[in-house]
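> To be precise about what I am sending: the file is called coords.txt and holds compact mmCIF, C-alpha atoms.
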# COMPACT_ATOMS: atom_id res chain seq x y z
CA MET A 429 -23.62 -15.86 -7.45
CA LEU A 430 -23.60 -16.26 -3.68
CA TYR A 431 -19.92 -17.24 -3.71
CA GLN A 432 -19.02 -14.12 -5.75
CA LYS A 433 -20.94 -11.85 -3.37
CA MET A 434 -19.14 -13.41 -0.39
CA ILE A 435 -15.75 -12.82 -2.05
CA MET A 436 -16.66 -9.21 -2.84
CA TYR A 437 -17.79 -8.66 0.77
CA LEU A 438 -14.58 -10.09 2.23
CA ALA A 439 -12.37 -8.10 -0.16
CA ALA A 440 -14.19 -4.84 0.69
CA MET A 441 -13.90 -5.22 4.49
CA PRO A 442 -10.38 -3.75 5.01
CA LEU A 443 -10.14 0.04 4.91
CA PHE A 444 -6.53 0.12 3.65
CA TYR A 445 -5.44 3.02 5.81
CA TYR A 446 -1.68 3.30 6.11
CA THR A 447 0.82 5.16 8.22
CA ILE A 448 4.29 6.02 6.98
CA THR A 449 6.99 6.47 9.59
CA GLN A 450 10.67 7.01 9.18
CA ALA A 451 13.17 4.64 10.75
CA ASN A 452 16.02 6.61 12.33
CA ASP A 453 19.19 5.51 14.06
CA LEU A 454 18.96 7.51 17.28
CA SER A 455 22.67 7.06 18.02
CA GLU A 456 23.55 9.32 15.07
CA ASN A 457 22.65 12.90 14.23
CA ILE A 458 19.68 13.23 11.90
CA ASP A 459 19.93 15.67 9.00
CA ARG A 460 16.53 17.32 9.18
CA GLU A 461 16.41 18.65 5.60
CA LYS A 462 17.50 15.33 4.11
CA ALA A 463 14.98 13.44 6.23
CA LEU A 464 12.12 15.76 5.23
CA LYS A 465 13.00 15.52 1.52
CA GLY A 466 13.11 11.72 1.72
CA TYR A 467 9.83 11.61 3.61
CA GLN A 468 8.20 13.90 1.04
CA LYS A 469 9.47 11.69 -1.80
CA VAL A 470 7.96 8.59 -0.18
CA LEU A 471 4.64 10.36 0.40
CA GLU A 472 4.50 11.47 -3.23
CA SER A 473 5.19 7.91 -4.35
CA PHE A 474 2.39 6.52 -2.17
CA ASN A 475 0.05 9.25 -3.35
CA ARG A 476 0.41 8.02 -6.95
CA PHE A 477 -0.81 4.53 -5.98
CA SER A 478 -4.51 3.85 -5.80
CA LEU A 479 -4.16 1.52 -2.83
CA ARG A 480 -7.85 1.03 -2.13
CA LYS A 481 -8.67 -0.02 -5.69
CA ASP A 482 -5.53 -2.09 -6.22
CA MET A 483 -5.68 -3.86 -2.86
CA TYR A 484 -9.37 -4.63 -3.31
CA THR A 485 -8.53 -6.31 -6.62
CA ALA A 486 -5.56 -8.14 -5.04
CA LEU A 487 -7.67 -9.45 -2.16
CA TYR A 488 -10.49 -10.45 -4.48
CA LEU A 489 -8.12 -12.44 -6.69
CA ALA A 490 -6.30 -13.96 -3.71
CA ILE A 491 -9.56 -15.19 -2.17
CA ARG A 492 -10.94 -16.41 -5.49
CA ASP A 493 -7.80 -18.04 -6.91
CA GLY A 494 -5.86 -18.80 -3.75
CA PHE A 495 -2.91 -16.53 -4.58
CA TYR A 496 -2.02 -13.13 -5.99
CA VAL A 497 1.12 -12.01 -7.81
CA GLY A 498 1.70 -8.33 -8.44
CA PHE A 499 4.44 -5.77 -8.94
CA THR A 500 4.84 -2.05 -9.24
CA TYR A 501 7.48 0.16 -10.78
CA ASP A 502 8.20 3.86 -10.86
CA ASP A 503 8.10 5.16 -14.43
CA LYS A 504 7.63 8.90 -13.77
As a first step, turn the structure in this file into structure tokens.

Amino acid sequence: MLYQKMIMYLAAMPLFYYTITQANDLSENIDREKALKGYQKVLESFNRFSLRKDMYTALYLAIRDGFYVGFTYDDK
């Protein structure tokens, strides 16, 4: 019981905040509309993920079992 509580505590410590930035080649002109559409698409994709819940589970399993294997796909 004590070991499980310790694992749960360690897995709950990170806040899982994220920042999304766009990588641009500053030597070329940037198409503003295309960049904004791409950025919006990435934000919508991240919004569909439940990162806090999924990453808590991933950390819990990684600490408990020693590894974690996961994948995601876009099924719309």
> Quick one, how far is CA of Asp503 (chain A) from CA of Thr485 (chain A)?
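One can read the CA of Asp503 (chain A) to CA of Thr485 (chain A) distance as 21.7 Å.
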> Have a look at CA of Ala440 (chain A) and CA of Phe477 (chain A) and let me know their distance in Å, one decimal.
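Computing the Euclidean distance for CA of Ala440 (chain A) and CA of Phe477 (chain A) yields 17.6 Å.
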> What is the CA of Tyr446 (chain A) to CA of Glu461 (chain A) distance in Å?
23.7 Å
> Region 464-469 of chain A: which residues within 9 Å, counting all atoms listed in the file, same-chain residues fewer than 5 positions away excluded, as a ChimeraX atom specification?
/A:448-450,459,474
> With distances taken over all atoms listed in the file, which residue among A:Met429, A:Met436, A:Ile458, A:Leu471 lies nearest Tyr484 (chain A)?
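Ranked by minimum distance to Tyr484 (chain A), first place goes to A:Met436.
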> When you count only C-alpha atoms, which of these residues is closest to Arg492 (chain A): A:Leu438, A:Leu454, A:Leu443, A:Leu479?
A:Leu438
> Please return the centre and edge lengths, in Å to one decimal, of a box with edges along x, y and z that contains all listed atoms of region 434-450 of chain A, widened by 3 Å on every side, as lines of an AutoDock Vina configuration file.

center_x = -4.2
center_y = -3.2
center_z = 3.4
size_x = 35.8
size_y = 26.4
size_z = 18.4
> With distances taken over all atoms listed in the file, which residue among A:Asn452, A:Asn457, A:Gln432, A:Ser473 lies nearest Ile491 (chain A)?
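Between A:Asn452, A:Asn457, A:Gln432, A:Ser473, the residue approaching Ile491 (chain A) most closely is A:Gln432.
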